[in-house]
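Step one of this worksheet: look at the structure below.
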Amino acid sequence: MSQPKRPVRNRGAKHVAPKTTPVPPYRPSQHPRQQPSLKGQIDRILPPFSLQRYLVIWVLFMVPLLLVLFLLLRPGSGQQPAATGDQTPVDRNPNPTATQAGDQTPAPAQNPLVVSPTPPAGTAAPATSPAGAGGQTPAPDKFLVIVTDKGRIVARLYTDPGAGVANTIANFEQKANSGYFDGLTFHRVEDWVIQGGDPTGTGMGGGRMPAEYNQLPFKAGALGVARGPDPTQNSDSQFFIVKTDAQWLDGQYTNWGQVVEGMDVVNQIAVGDKMLKVTVETR
């Protein structure tokens with residue numbers, strides 16, 4: 001059997017390696033990898049139309065809404081600001097030591113707008129001065145009478161010329177006897193004061209008149225006149241009665257009378273209670 005023939009090689013020829021295409025070395029891209037957009041990141045974490053996405057949107061909407069409601073409904077938010085024309089009484093006492101031991105009379109806010117004190121229980125209002133050396137006849141006693149469905153409030157007015165509130169008394173006397181106050185309400189009631197006489201019932205109504213001042217003390221039952229930030233101008237219709245001593249109002253608001261009957265009625269007055277009939281009587 002014959003053997004297969006082997007290919008003949010040229011022993012003198014040089015071996016040539018086959019040509020190959022060179023592979024370029026790897027070089028990282030000159031451009032950094034692009035980061036996904038914010039929207040893309042949100043879509044990846046909270047897929048569109050998913051329950052998680054709607055829940056997050058609801059929470060983001062409700063949190064600020066609840067915060068606004070909390071600020072509007074928190075205690076004290078209903079008090080009217082001390083702006084021009086505002087005639088809301090002060091409700092805080094800056095000098096609590098001036099009150100009796102155990103009392104916690106509130107301190108006044110800055111730029112108070114209304115003040116009206118009343119003397120402590122059992123303390124009578126200052127009497128009018130008798131005839132002087134010059135033979136002057138003492139001024140007649142006048143009383144502001146307020147009739148409510150809870151009872152009657154009677155305040156002696158300071159008709160003594162030395163009190164310096166003659167114009168204030170004349171203004172309120174004219175309004176009361178003309179029926180101006182009949183049917184109006186007490187629009188503000190706090191633990192230390194009641195206030196009424198505003199024809200709008202908001203604490204912002206009524207006209208203006210020049211203010212009058214004296215140094216008579218604002219004790220429980222004192223009768224005062226509301227005013228705004230301008231101390232030279234009083235309201236011509238809004239007045240208040242303090243339930244507790246309020247010495248911080250002395251000389252800062254017009255003190256023109258003192259309750260001598262019906263402090264129990266003053267303490268029962270609530271917001272919205274009407275003044276059925278208001279008159280000024282001479283006795």
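In the structure tokens, the first chain shown is A, the next is B, and so on; residue numbers restart at 1 for each chain, and ligands run from 1 in the order shown.
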
Can you pull out the residues contacting segment 161-164 of chain A? Cut-off 8 Å, using only C-alpha atoms, and skip same-chain residues under 6 positions away; I want them as JSON, numbers by chain.
{"A": [139, 212, 213, 214, 216, 256]}

Please produce a file of the residues just selected, as an mmCIF file, in the first residue's frame, where the atoms kept are N, CA and C atoms.
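What ended up in out_17.cif:
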```cif
data_model
loop_
_atom_site.group_PDB
_atom_site.id
_atom_site.type_symbol
_atom_site.label_atom_id
_atom_site.label_comp_id
_atom_site.auth_asym_id
_atom_site.auth_seq_id
_atom_site.Cartn_x
_atom_site.Cartn_y
_atom_site.Cartn_z
ATOM 1 N N ALA A 139 -71.869 120.119 89.749
ATOM 2 C CA ALA A 139 -72.535 119.576 88.564
ATOM 3 C C ALA A 139 -73.493 118.469 88.975
ATOM 4 N N GLU A 212 -60.139 113.132 75.473
ATOM 5 C CA GLU A 212 -59.969 113.848 76.744
ATOM 6 C C GLU A 212 -59.365 112.870 77.751
ATOM 7 N N TYR A 213 -58.440 113.377 78.572
ATOM 8 C CA TYR A 213 -57.731 112.504 79.505
ATOM 9 C C TYR A 213 -57.753 113.059 80.925
ATOM 10 N N ASN A 214 -57.606 112.138 81.869
ATOM 11 C CA ASN A 214 -57.451 112.502 83.272
ATOM 12 C C ASN A 214 -56.623 111.396 83.936
ATOM 13 N N LEU A 216 -57.776 109.613 86.585
ATOM 14 C CA LEU A 216 -58.649 108.738 87.375
ATOM 15 C C LEU A 216 -58.261 107.282 87.121
ATOM 16 N N TRP A 256 -64.366 107.954 81.925
ATOM 17 C CA TRP A 256 -65.469 108.908 82.059
ATOM 18 C C TRP A 256 -66.625 108.428 82.930
#
```

For the structure I just gave you, how does DSSP split segment 30-76 of chain A - specifically, which residues are alpha helix (DSSP H)? Reply as JSON, numbers by chain.
{"A": [38, 39, 40, 41, 42, 43, 44, 45, 51, 52, 53, 54, 55, 56, 57, 58, 59, 60, 61, 62, 63, 64, 65, 66, 67, 68, 69, 70, 71, 72, 73]}

Selected residue of minimal separation from Met209 of chain A among A:Thr232, A:Thr244, A:Asn177, A:Gln52, counting only C-alpha atoms:
A:Thr232

Pick out the residues sitting within 10 Å of Glu190 of chain A, and hand them over as a compact mmCIF listing (two decimals) with all heavy atoms, in the first residue's frame; count only C-alpha atoms, and ignore anything fewer than 3 positions along from it in its own chain.
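Everything below was put into out-v4.txt:
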```txt
# COMPACT_ATOMS: atom_id res chain seq x y z
N PRO A 89 -59.86 96.86 72.29
CA PRO A 89 -59.19 97.16 73.55
C PRO A 89 -57.96 96.30 73.80
O PRO A 89 -57.86 95.21 73.28
CB PRO A 89 -60.26 96.87 74.59
CG PRO A 89 -61.29 96.09 73.90
CD PRO A 89 -61.15 96.31 72.42
N ASP A 91 -55.53 93.83 75.92
CA ASP A 91 -55.94 92.68 76.71
C ASP A 91 -54.82 92.12 77.58
O ASP A 91 -54.90 91.01 78.01
CB ASP A 91 -56.46 91.57 75.80
CG ASP A 91 -55.41 91.13 74.81
OD1 ASP A 91 -54.35 91.78 74.76
OD2 ASP A 91 -55.64 90.15 74.10
N VAL A 193 -62.63 92.62 80.00
CA VAL A 193 -63.28 93.79 79.41
C VAL A 193 -64.45 93.37 78.54
O VAL A 193 -64.48 92.26 78.00
CB VAL A 193 -62.27 94.60 78.57
CG1 VAL A 193 -61.89 93.84 77.31
CG2 VAL A 193 -62.79 95.98 78.20
N ILE A 194 -65.46 94.28 78.44
CA ILE A 194 -66.51 94.14 77.44
C ILE A 194 -66.53 95.45 76.65
O ILE A 194 -66.22 96.52 77.19
CB ILE A 194 -67.90 93.85 78.06
CG1 ILE A 194 -68.38 95.02 78.93
CG2 ILE A 194 -67.87 92.56 78.84
CD1 ILE A 194 -69.80 94.86 79.44
N GLN A 195 -66.88 95.38 75.36
CA GLN A 195 -66.85 96.57 74.50
C GLN A 195 -68.04 96.54 73.54
O GLN A 195 -68.38 95.49 72.99
CB GLN A 195 -65.55 96.62 73.71
CG GLN A 195 -65.41 97.85 72.83
CD GLN A 195 -64.07 97.89 72.11
OE1 GLN A 195 -63.11 97.27 72.56
NE2 GLN A 195 -64.00 98.60 71.01
N VAL A 242 -64.30 97.74 82.07
CA VAL A 242 -63.33 96.73 82.49
C VAL A 242 -63.91 95.89 83.62
O VAL A 242 -64.61 96.39 84.49
CB VAL A 242 -61.99 97.37 82.91
CG1 VAL A 242 -61.30 98.01 81.72
CG2 VAL A 242 -62.19 98.39 84.00
N LYS A 243 -63.59 94.60 83.60
CA LYS A 243 -64.07 93.69 84.63
C LYS A 243 -63.09 93.60 85.80
O LYS A 243 -63.47 93.18 86.90
CB LYS A 243 -64.26 92.29 84.05
CG LYS A 243 -65.27 92.20 82.92
CD LYS A 243 -65.32 90.76 82.42
CE LYS A 243 -66.27 90.59 81.28
NZ LYS A 243 -66.31 89.19 80.79
N ASN A 267 -70.36 90.91 84.06
CA ASN A 267 -69.62 89.66 84.02
C ASN A 267 -70.35 88.56 83.28
O ASN A 267 -69.75 87.53 82.94
CB ASN A 267 -69.28 89.20 85.43
CG ASN A 267 -68.27 90.11 86.12
OD1 ASN A 267 -67.35 90.62 85.49
ND2 ASN A 267 -68.45 90.34 87.41
N ILE A 269 -72.14 89.25 80.38
CA ILE A 269 -72.28 89.65 78.97
C ILE A 269 -71.43 88.74 78.08
O ILE A 269 -70.29 88.40 78.40
CB ILE A 269 -71.85 91.12 78.78
CG1 ILE A 269 -72.84 92.05 79.50
CG2 ILE A 269 -71.77 91.46 77.31
CD1 ILE A 269 -74.25 92.01 78.94
N ALA A 270 -72.01 88.34 76.96
CA ALA A 270 -71.32 87.50 75.96
C ALA A 270 -71.30 88.24 74.63
O ALA A 270 -72.07 89.17 74.40
CB ALA A 270 -72.02 86.15 75.82
N VAL A 271 -70.42 87.81 73.75
CA VAL A 271 -70.32 88.42 72.42
C VAL A 271 -71.67 88.31 71.71
O VAL A 271 -72.27 87.24 71.66
CB VAL A 271 -69.23 87.75 71.58
CG1 VAL A 271 -69.26 88.25 70.14
CG2 VAL A 271 -67.86 88.00 72.18
```

Long-range neighbours of Ile42 of chain A as JSON, numbers by chain, 12 Å cut-off, only C-alpha atoms, 6 positions minimum in chain
{"A": [36, 48, 50, 52, 53, 56]}

Could you check the closest approach to Lys274 of chain A for each of A:Val259, A:Ile241, A:Leu157, A:Ile146 and tell me which residue wins, using only C-alpha atoms?
A:Ile146

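These are the residues of segment 198-268 of chain A assigned strand (DSSP E or B) by DSSP from backbone coordinates: A:Arg208, A:Met209, A:Pro210, A:Gly221, A:Ala222, A:Leu223, A:Gly224, A:Val225, A:Ala226, A:Arg227, A:Gln233, A:Asn234, A:Ser235, A:Asp236, A:Ser237, A:Gln238, A:Phe239, A:Phe240, A:Ile241, A:Val242, A:Asn255, A:Trp256, A:Gly257, A:Gln258, A:Val259, A:Val260, A:Glu261.
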
For the residues in that selection, give me C-alpha atoms as a short mmCIF file (atom, residue, chain, number, x, y, z; two decimals), in the first residue's frame.
```
data_model
loop_
_atom_site.label_atom_id
_atom_site.label_comp_id
_atom_site.auth_asym_id
_atom_site.auth_seq_id
_atom_site.Cartn_x
_atom_site.Cartn_y
_atom_site.Cartn_z
CA ARG A 208 -64.06 110.23 65.68
CA MET A 209 -63.91 112.98 68.26
CA PRO A 210 -61.12 114.75 70.21
CA GLY A 221 -66.13 98.72 86.55
CA ALA A 222 -64.46 101.77 85.01
CA LEU A 223 -66.04 103.17 81.85
CA GLY A 224 -63.66 104.00 78.99
CA VAL A 225 -63.70 105.15 75.37
CA ALA A 226 -62.14 103.15 72.55
CA ARG A 227 -59.56 104.76 70.30
CA GLN A 233 -58.72 110.98 68.57
CA ASN A 234 -61.34 108.82 70.32
CA SER A 235 -64.18 106.84 68.87
CA ASP A 236 -67.42 108.80 69.18
CA SER A 237 -69.53 105.68 69.85
CA GLN A 238 -67.46 102.72 71.06
CA PHE A 239 -67.05 102.38 74.82
CA PHE A 240 -65.91 99.64 77.15
CA ILE A 241 -66.22 98.51 80.77
CA VAL A 242 -63.33 96.73 82.49
CA ASN A 255 -61.99 107.38 81.89
CA TRP A 256 -65.47 108.91 82.06
CA GLY A 257 -67.50 106.87 84.55
CA GLN A 258 -67.77 104.02 87.03
CA VAL A 259 -70.28 101.19 87.30
CA VAL A 260 -72.28 101.48 90.54
CA GLU A 261 -74.92 98.86 89.78
#
```

Might you pull out every residue within 8 Å of Pro199 of chain A, with only C-alpha atoms counted and same-chain residues fewer than 5 positions away left off, and present them as a VMD selection string?
chain A and resid 181 184 205 to 206

Please, could you write that set of residues out with N, CA and C atoms as a PDB file, in the first residue's frame?
```
ATOM      1  N   PHE A 181     -77.751 103.903  70.416  1.00  0.00           N
ATOM      2  CA  PHE A 181     -77.188 102.637  70.868  1.00  0.00           C
ATOM      3  C   PHE A 181     -78.215 101.521  70.959  1.00  0.00           C
ATOM      4  N   LEU A 184     -77.763  97.898  69.384  1.00  0.00           N
ATOM      5  CA  LEU A 184     -76.372  97.562  69.073  1.00  0.00           C
ATOM      6  C   LEU A 184     -75.882  96.461  70.018  1.00  0.00           C
ATOM      7  N   GLY A 205     -66.168 100.412  63.276  1.00  0.00           N
ATOM      8  CA  GLY A 205     -67.132 101.418  62.852  1.00  0.00           C
ATOM      9  C   GLY A 205     -67.203 102.617  63.784  1.00  0.00           C
ATOM     10  N   GLY A 206     -68.049 103.557  63.421  1.00  0.00           N
ATOM     11  CA  GLY A 206     -68.214 104.764  64.223  1.00  0.00           C
ATOM     12  C   GLY A 206     -67.322 105.888  63.740  1.00  0.00           C
TER      13      GLY A 206
END
```

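Among the candidate residues A:Gly262, A:Pro217, A:Gly183, A:Gly251, the one lying nearest to Pro231 of chain A is A:Gly251, with distances computed using only C-alpha atoms.
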